[in-house]
>>> print(open('model-v3.txt').read())   # compact mmCIF, N, CA and C atoms
# COMPACT_ATOMS: atom_id res chain seq x y z
N MET H 324 0.81 -1.19 0.00
CA MET H 324 0.00 0.00 0.00
C MET H 324 0.86 1.26 0.00
N LEU H 325 1.87 1.28 0.87
CA LEU H 325 2.75 2.44 0.92
C LEU H 325 3.53 2.61 -0.37
N LEU H 326 3.96 1.51 -0.96
CA LEU H 326 4.70 1.58 -2.22
C LEU H 326 3.83 2.19 -3.31
N ALA H 327 2.60 1.76 -3.39
CA ALA H 327 1.70 2.29 -4.41
C ALA H 327 1.47 3.78 -4.20
N HIS H 328 1.35 4.21 -2.95
CA HIS H 328 1.15 5.62 -2.65
C HIS H 328 2.39 6.44 -3.07
N ALA H 329 3.56 5.93 -2.73
CA ALA H 329 4.80 6.62 -3.09
C ALA H 329 4.96 6.71 -4.60
N LEU H 330 4.70 5.62 -5.30
CA LEU H 330 4.82 5.64 -6.76
C LEU H 330 3.79 6.59 -7.37
N GLY H 331 2.62 6.70 -6.76
CA GLY H 331 1.61 7.65 -7.23
C GLY H 331 2.08 9.09 -7.09
N LYS H 332 2.75 9.40 -5.99
CA LYS H 332 3.28 10.75 -5.79
C LYS H 332 4.39 11.05 -6.80
N ILE H 333 5.23 10.07 -7.06
CA ILE H 333 6.31 10.25 -8.04
C ILE H 333 5.71 10.43 -9.43
N GLU H 334 4.69 9.65 -9.74
CA GLU H 334 4.02 9.78 -11.04
C GLU H 334 3.38 11.16 -11.18
N PHE H 335 2.87 11.72 -10.09
CA PHE H 335 2.29 13.05 -10.11
C PHE H 335 3.32 14.08 -10.59
N VAL H 336 4.55 13.97 -10.15
CA VAL H 336 5.61 14.89 -10.58
C VAL H 336 5.77 14.81 -12.10
N LEU H 337 5.76 13.61 -12.64
CA LEU H 337 5.89 13.44 -14.09
C LEU H 337 4.69 14.02 -14.81
N GLU H 338 3.52 13.88 -14.23
CA GLU H 338 2.31 14.44 -14.84
C GLU H 338 2.36 15.96 -14.87
N VAL H 339 2.88 16.57 -13.82
CA VAL H 339 3.05 18.03 -13.80
C VAL H 339 4.01 18.44 -14.92
N ALA H 340 5.09 17.69 -15.09
CA ALA H 340 6.05 18.00 -16.16
C ALA H 340 5.40 17.86 -17.53
N ARG H 341 4.56 16.86 -17.71
CA ARG H 341 3.88 16.67 -18.99
C ARG H 341 2.92 17.81 -19.28
N LYS H 342 2.24 18.28 -18.25
CA LYS H 342 1.24 19.34 -18.43
C LYS H 342 1.86 20.73 -18.51
N ASP H 343 3.10 20.88 -18.06
CA ASP H 343 3.77 22.18 -18.07
C ASP H 343 5.14 22.06 -18.75
N PRO H 344 5.11 21.78 -20.07
CA PRO H 344 6.38 21.52 -20.76
C PRO H 344 7.25 22.77 -20.97
N LYS H 345 6.68 23.95 -20.82
CA LYS H 345 7.47 25.17 -21.07
C LYS H 345 8.16 25.68 -19.83
N SER H 346 7.66 25.34 -18.66
CA SER H 346 8.25 25.86 -17.43
C SER H 346 8.80 24.74 -16.53
N PHE H 347 7.91 23.88 -16.06
CA PHE H 347 8.33 22.87 -15.08
C PHE H 347 9.23 21.80 -15.71
N LEU H 348 8.93 21.36 -16.92
CA LEU H 348 9.73 20.31 -17.55
C LEU H 348 11.20 20.70 -17.70
N PRO H 349 11.52 21.88 -18.24
CA PRO H 349 12.94 22.25 -18.34
C PRO H 349 13.61 22.38 -16.97
N ASP H 350 12.86 22.89 -16.00
CA ASP H 350 13.42 23.00 -14.66
C ASP H 350 13.70 21.62 -14.07
N LEU H 351 12.77 20.70 -14.29
CA LEU H 351 12.94 19.34 -13.79
C LEU H 351 14.14 18.65 -14.44
N LYS H 352 14.31 18.88 -15.73
CA LYS H 352 15.47 18.30 -16.43
C LYS H 352 16.78 18.87 -15.89
N ALA H 353 16.80 20.18 -15.65
CA ALA H 353 18.03 20.85 -15.24
C ALA H 353 18.42 20.52 -13.80
N ASP H 354 17.45 20.52 -12.90
CA ASP H 354 17.73 20.29 -11.48
C ASP H 354 16.47 19.72 -10.82
N PRO H 355 16.31 18.40 -10.89
CA PRO H 355 15.07 17.81 -10.38
C PRO H 355 14.80 18.11 -8.91
N TYR H 356 15.81 18.10 -8.09
CA TYR H 356 15.60 18.36 -6.67
C TYR H 356 15.04 19.77 -6.46
N ARG H 357 15.69 20.75 -7.07
CA ARG H 357 15.26 22.14 -6.92
C ARG H 357 13.87 22.36 -7.51
N ALA H 358 13.61 21.78 -8.68
CA ALA H 358 12.31 21.97 -9.34
C ALA H 358 11.17 21.44 -8.48
N VAL H 359 11.35 20.26 -7.91
CA VAL H 359 10.30 19.67 -7.07
C VAL H 359 10.16 20.47 -5.78
N SER H 360 11.28 20.86 -5.18
CA SER H 360 11.23 21.62 -3.94
C SER H 360 10.54 22.97 -4.15
N GLN H 361 10.92 23.68 -5.19
CA GLN H 361 10.33 24.99 -5.45
C GLN H 361 8.91 24.88 -5.98
N GLY H 362 8.58 23.74 -6.55
CA GLY H 362 7.23 23.53 -7.06
C GLY H 362 6.22 23.25 -5.97
N GLY H 363 6.70 23.09 -4.74
CA GLY H 363 5.81 22.87 -3.61
C GLY H 363 5.24 21.46 -3.55
N ILE H 364 5.87 20.53 -4.25
CA ILE H 364 5.40 19.14 -4.24
C ILE H 364 6.04 18.45 -3.03
N ASP H 365 5.20 17.94 -2.16
CA ASP H 365 5.66 17.36 -0.90
C ASP H 365 6.01 15.88 -1.09
N LEU H 366 7.31 15.59 -1.12
CA LEU H 366 7.79 14.23 -1.26
C LEU H 366 8.70 13.88 -0.08
N THR H 367 8.72 12.61 0.26
CA THR H 367 9.68 12.15 1.26
C THR H 367 11.07 12.16 0.61
N PRO H 368 12.13 12.09 1.41
CA PRO H 368 13.47 12.03 0.81
C PRO H 368 13.63 10.86 -0.18
N ALA H 369 13.06 9.71 0.13
CA ALA H 369 13.18 8.56 -0.78
C ALA H 369 12.41 8.81 -2.09
N GLU H 370 11.25 9.44 -2.00
CA GLU H 370 10.48 9.77 -3.20
C GLU H 370 11.21 10.81 -4.04
N MET H 371 11.82 11.79 -3.37
CA MET H 371 12.59 12.81 -4.07
C MET H 371 13.77 12.16 -4.80
N LEU H 372 14.44 11.25 -4.13
CA LEU H 372 15.57 10.56 -4.75
C LEU H 372 15.10 9.72 -5.94
N ALA H 373 13.90 9.17 -5.86
CA ALA H 373 13.35 8.40 -6.98
C ALA H 373 13.11 9.30 -8.19
N VAL H 374 12.62 10.53 -7.95
CA VAL H 374 12.44 11.47 -9.06
C VAL H 374 13.79 11.79 -9.69
N VAL H 375 14.79 12.03 -8.86
CA VAL H 375 16.13 12.30 -9.37
C VAL H 375 16.63 11.09 -10.17
N ASP H 376 16.39 9.89 -9.67
CA ASP H 376 16.78 8.67 -10.40
C ASP H 376 16.13 8.64 -11.79
N ILE H 377 14.86 8.92 -11.85
CA ILE H 377 14.13 8.87 -13.13
C ILE H 377 14.70 9.88 -14.10
N VAL H 378 14.88 11.10 -13.65
CA VAL H 378 15.32 12.18 -14.53
C VAL H 378 16.77 12.01 -14.97
N THR H 379 17.62 11.56 -14.06
CA THR H 379 19.05 11.48 -14.37
C THR H 379 19.51 10.10 -14.82
N GLY H 380 18.64 9.10 -14.69
CA GLY H 380 19.01 7.76 -15.11
C GLY H 380 19.83 6.99 -14.10
N THR H 381 19.81 7.43 -12.85
CA THR H 381 20.54 6.72 -11.81
C THR H 381 19.62 5.71 -11.12
N SER H 382 20.16 4.98 -10.18
CA SER H 382 19.37 3.99 -9.44
C SER H 382 19.79 4.00 -7.97
N LEU H 383 19.68 5.15 -7.34
CA LEU H 383 20.12 5.29 -5.96
C LEU H 383 19.00 5.17 -4.94
N SER H 384 17.77 5.37 -5.36
CA SER H 384 16.66 5.37 -4.41
C SER H 384 16.23 3.94 -4.06
N PRO H 385 15.59 3.78 -2.91
CA PRO H 385 15.08 2.45 -2.58
C PRO H 385 13.98 1.98 -3.53
N TYR H 386 13.40 2.90 -4.27
CA TYR H 386 12.35 2.55 -5.23
C TYR H 386 12.91 2.19 -6.61
N ALA H 387 14.21 2.30 -6.81
CA ALA H 387 14.83 2.11 -8.12
C ALA H 387 14.36 0.84 -8.85
N PRO H 388 14.28 -0.31 -8.18
CA PRO H 388 13.84 -1.51 -8.90
C PRO H 388 12.39 -1.44 -9.41
N ARG H 389 11.62 -0.51 -8.88
CA ARG H 389 10.20 -0.41 -9.24
C ARG H 389 9.90 0.75 -10.18
N LEU H 390 10.91 1.39 -10.71
CA LEU H 390 10.70 2.61 -11.48
C LEU H 390 10.64 2.41 -12.99
N GLY H 391 10.65 1.19 -13.46
CA GLY H 391 10.71 0.93 -14.90
C GLY H 391 9.64 1.65 -15.71
N LYS H 392 8.39 1.52 -15.32
CA LYS H 392 7.30 2.17 -16.07
C LYS H 392 7.38 3.69 -15.98
N LEU H 393 7.80 4.19 -14.82
CA LEU H 393 7.91 5.64 -14.68
C LEU H 393 9.09 6.19 -15.48
N ARG H 394 10.16 5.42 -15.56
CA ARG H 394 11.30 5.84 -16.41
C ARG H 394 10.87 5.90 -17.87
N GLN H 395 10.09 4.90 -18.28
CA GLN H 395 9.59 4.89 -19.66
C GLN H 395 8.67 6.08 -19.90
N ARG H 396 7.83 6.38 -18.95
CA ARG H 396 6.93 7.52 -19.09
C ARG H 396 7.72 8.82 -19.19
N TRP H 397 8.78 8.95 -18.38
CA TRP H 397 9.64 10.13 -18.44
C TRP H 397 10.24 10.29 -19.83
N GLN H 398 10.74 9.19 -20.39
CA GLN H 398 11.32 9.25 -21.73
C GLN H 398 10.29 9.70 -22.76
N GLU H 399 9.07 9.24 -22.64
CA GLU H 399 8.01 9.65 -23.56
C GLU H 399 7.72 11.14 -23.42
N ILE H 400 7.69 11.64 -22.20
CA ILE H 400 7.46 13.07 -21.97
C ILE H 400 8.57 13.89 -22.60
N VAL H 401 9.80 13.48 -22.38
CA VAL H 401 10.96 14.20 -22.93
C VAL H 401 10.94 14.17 -24.46
N GLU H 402 10.64 13.00 -25.03
CA GLU H 402 10.60 12.89 -26.49
C GLU H 402 9.47 13.71 -27.10
N ASP H 403 8.36 13.82 -26.40
CA ASP H 403 7.23 14.61 -26.89
C ASP H 403 7.46 16.10 -26.78
N ASN H 404 8.45 16.51 -25.99
CA ASN H 404 8.73 17.92 -25.74
C ASN H 404 10.23 18.18 -25.85
N PRO H 405 10.78 18.09 -27.05
CA PRO H 405 12.24 18.28 -27.19
C PRO H 405 12.64 19.71 -26.82
N THR H 406 13.80 19.81 -26.20
CA THR H 406 14.34 21.11 -25.86
C THR H 406 14.98 21.70 -27.11
N PRO H 407 14.58 22.92 -27.48
CA PRO H 407 15.19 23.50 -28.68
C PRO H 407 16.69 23.71 -28.48
N THR H 408 17.44 23.50 -29.54
CA THR H 408 18.87 23.77 -29.48
C THR H 408 19.07 25.27 -29.54
N ARG H 409 20.27 25.71 -29.27
CA ARG H 409 20.55 27.16 -29.33
C ARG H 409 20.26 27.71 -30.72
N ASN H 410 20.63 26.96 -31.75
CA ASN H 410 20.39 27.44 -33.11
C ASN H 410 18.90 27.54 -33.39
N LYS H 411 18.15 26.53 -32.98
CA LYS H 411 16.72 26.54 -33.18
C LYS H 411 16.07 27.69 -32.40
N ALA H 412 16.53 27.90 -31.17
CA ALA H 412 16.01 28.99 -30.36
C ALA H 412 16.31 30.33 -31.01
N ALA H 413 17.52 30.48 -31.56
CA ALA H 413 17.88 31.73 -32.24
C ALA H 413 16.99 31.94 -33.48
N GLN H 414 16.69 30.87 -34.19
CA GLN H 414 15.82 30.98 -35.35
C GLN H 414 14.42 31.41 -34.94
N LEU H 415 13.94 30.87 -33.85
CA LEU H 415 12.60 31.22 -33.37
C LEU H 415 12.54 32.69 -32.93
N VAL H 416 13.58 33.14 -32.26
CA VAL H 416 13.62 34.54 -31.82
C VAL H 416 13.72 35.45 -33.03
N GLY H 417 14.56 35.09 -33.98
CA GLY H 417 14.75 35.91 -35.17
C GLY H 417 13.53 35.96 -36.08
N ALA H 418 12.67 34.96 -35.97
CA ALA H 418 11.49 34.89 -36.83
C ALA H 418 10.41 35.86 -36.38
N HIS H 419 10.51 36.36 -35.16
CA HIS H 419 9.45 37.25 -34.66
C HIS H 419 9.81 38.68 -34.79
>>> encode(input="model-v3.txt", output="structure tokens")
Amino acid sequence: MLLAHALGKIEFVLEVARKDPKSFLPDLKADPYRAVSQGGIDLTPAEMLAVVDIVTGTSLSPYAPRLGKLRQRWQEIVEDNPTPTRNKAAQLVGAH
């Protein structure tokens, strides 16, 4: 029961990133700990470490063996919202 609750909270972080690809997603990619902390999402230290594991590809949290589906979901979110390269960003700015 507790595991399911923890995984649900971790999944919520990914859902926020999916719904806010212009602000929260880049922040989460750059510094997951800071993004979650500043986003006001209340996670235990182990849940926070699991988010860091998902975003950075590490396996340090106690939930690491159970994160397969969430890691896959993270990859889908990232692929659906590619970060523009500097050249692409310059083209977008220059086009306006």
>>> axis_aligned_box(input="model-v3.txt", around="segment 333-336 of chain H", padding_each_side="6 Å", output="JSON")
{"center_x": 4.3, "center_y": 12.3, "center_z": -9.6, "size_x": 16.0, "size_y": 17.2, "size_z": 17.0}
>>> closest_residue(input="model-v3.txt", among="H:Ile377, H:Leu366, H:Val401, H:Leu348", to="His328 of chain H", atoms="only C-alpha atoms")
H:Leu366
>>> select_by_dssp(input="model-v3.txt", residues="chain H", states="alpha helix (DSSP H)", output="PyMOL selection string")
chain H and resi 325-342+347-353+355-361+368-379+391-403+409-418
>>> closest_residue(input="model-v3.txt", among="H:Pro355, H:Pro349, H:Pro368, H:Gly362", to="Thr406 of chain H", atoms="all atoms listed in the file")
H:Pro349
>>> closest_residue(input="model-v3.txt", among="H:Ser346, H:Lys352, H:Leu325, H:Arg394", to="Asp376 of chain H", atoms="only N, CA and C atoms")
H:Arg394
>>> closest_residue(input="model-v3.txt", among="H:Pro405, H:Gly363, H:Pro344, H:Pro388", to="Leu330 of chain H", atoms="only C-alpha atoms")
H:Pro388
>>> atom_distance(input="model-v3.txt", atom1="atom N of Ala387 of chain H", atom2="atom CA of Glu338 of chain H")
18.8 Å
>>> closest_residue(input="model-v3.txt", among="H:Ala369, H:Met324, H:Leu337, H:Val359", to="Trp397 of chain H", atoms="all atoms listed in the file")
H:Leu337
